[in-house]
Amino acid sequence: MPQKRGKNAPDSSEAEEKIVIDRWDAAALRNALDDSAKKYLTSRSVNEDFHYTDIRLGLAITACLCSVLALTVDYFFPYPKSHHFLIVCVAMYFVLMTAQTAFVILFQKNFFFFGVTDSKVSSHKWRLSSDLRRFENLYNLELQFEDTKQPPARTATMSIPFSPLFDERGEFNESGFHAEMKSLVEKVSPKSKKQ
């Protein structure tokens with residue numbers, strides 16, 4: 001049921017909600033920073049590319065369809081009759097899950113964002129990956145920028161502690177993080193290469 005607004009209730013368009021995260025939950029902190037990094041890039045006219053996600057999803061759906069098909073055939077033709085068909089379905093499921101795992105390890109790696117900016121001259125690819133080592137207070141972010149007309153890819157990294165980004169209550173200083181992201185983007189952008 002939607003909450004009714006009173007006379008003094010703030011309008012959603014007036015101010016954005018503050019993001020509050022438990023400071024002791026490292027995974028939640030990392031996810032909040034990852035989401036903010038994606039938000040920053042998409043605000044700079046970088047379109048998110050879901051190609052890798054679509055491939056993983058297609059492999060997983062095909063594997064699940066093999067399982068459903070095996071169950072359906074086994075329901076209509078109980079075990080002794082469906083023995084060979086079940087072996088084929090189990091083998092197909094194994095092959096598809098292995099292909100999905102290999103795809104993640106070889107191609108998607110540790111990247112959580114794939115972006116593309118198209119211009120009349122060339123296409124630019126953006127990739128983000130983050131790392132948070134155990135028992136460390138540092139958020140490590142890597143940005144890769146690739147111009148299809150001028151390889152190789154350029155990479156910039158930053159390591160930033162959580163303390164300037166989250167206060168004692170766990171409120172996220174998104175504008176401070178976006179300032180760090182701006183300097184990271186400037187390191188790999190085409191304009192910085194010409195200087």
# chains A, B, ... in the order shown; residues from 1 in each chain; ligands from 1
$ select_by_dssp --residues "chain A" --states "helix (DSSP H, G or I)" --output "PyMOL selection string"
chain A and resi 26-43+51-76+79-108+174-188+190-194
$ closest_atom_pairs --of "range 54-131 of chain A" --to "range 156-176 of chain A" --cutoff "12 Å" --atoms "only C-alpha atoms" --output "CSV"
residue,atom,partner,partner_atom,distance
A:Trp126,CA,A:Ala156,CA,11.4
A:Arg127,CA,A:Ala156,CA,10.8
A:Leu128,CA,A:Thr157,CA,9.8
A:Ser129,CA,A:Thr157,CA,9.5
A:Ser130,CA,A:Thr157,CA,9.4
A:Asp131,CA,A:Ser159,CA,9.3
$ write_last_selection --atoms "N, CA and C atoms" --output "PDB file, in the first residue's frame"
ATOM      1  N   TRP A 126      33.959   0.815 -22.780  1.00  0.00           N
ATOM      2  CA  TRP A 126      34.300   1.108 -21.390  1.00  0.00           C
ATOM      3  C   TRP A 126      34.045  -0.153 -20.571  1.00  0.00           C
ATOM      4  N   ARG A 127      34.957  -0.449 -19.654  1.00  0.00           N
ATOM      5  CA  ARG A 127      34.790  -1.603 -18.759  1.00  0.00           C
ATOM      6  C   ARG A 127      35.190  -1.190 -17.350  1.00  0.00           C
ATOM      7  N   LEU A 128      34.425  -1.647 -16.374  1.00  0.00           N
ATOM      8  CA  LEU A 128      34.727  -1.384 -14.974  1.00  0.00           C
ATOM      9  C   LEU A 128      34.882  -2.697 -14.231  1.00  0.00           C
ATOM     10  N   SER A 129      35.898  -2.778 -13.394  1.00  0.00           N
ATOM     11  CA  SER A 129      36.024  -3.908 -12.486  1.00  0.00           C
ATOM     12  C   SER A 129      36.464  -3.381 -11.130  1.00  0.00           C
ATOM     13  N   SER A 130      36.045  -4.058 -10.092  1.00  0.00           N
ATOM     14  CA  SER A 130      36.407  -3.619  -8.746  1.00  0.00           C
ATOM     15  C   SER A 130      36.941  -4.803  -7.962  1.00  0.00           C
ATOM     16  N   ASP A 131      37.659  -4.459  -6.926  1.00  0.00           N
ATOM     17  CA  ASP A 131      38.260  -5.485  -6.083  1.00  0.00           C
ATOM     18  C   ASP A 131      38.246  -4.983  -4.647  1.00  0.00           C
TER      19      ASP A 131
END
$ residues_around --residues "range 24-35 of chain A" --least-positions-apart "2" --cutoff "8 Å" --atoms "only C-alpha atoms" --output "ChimeraX atom specification"
/A:21-22,37-39,112,130,132,139
$ closest_residue --among "A:Lys18, A:Lys187, A:His83, A:Lys182" --to "Tyr40 in chain A" --atoms "only C-alpha atoms"
A:Lys182
$ residues_around --residues "Gly58 in chain A" --least-positions-apart "6" --cutoff "12 Å" --atoms "only C-alpha atoms" --output "list of chain:residue names"
A:His51, A:Tyr52, A:Cys64, A:Leu65, A:Leu96, A:Met97, A:Ala99, A:Gln100, A:Phe103
$ residues_around --residues "range 73-76 of chain A" --least-positions-apart "6" --cutoff "9 Å" --atoms "only C-alpha atoms" --output "PyMOL selection string"
chain A and resi 82-83+85-86
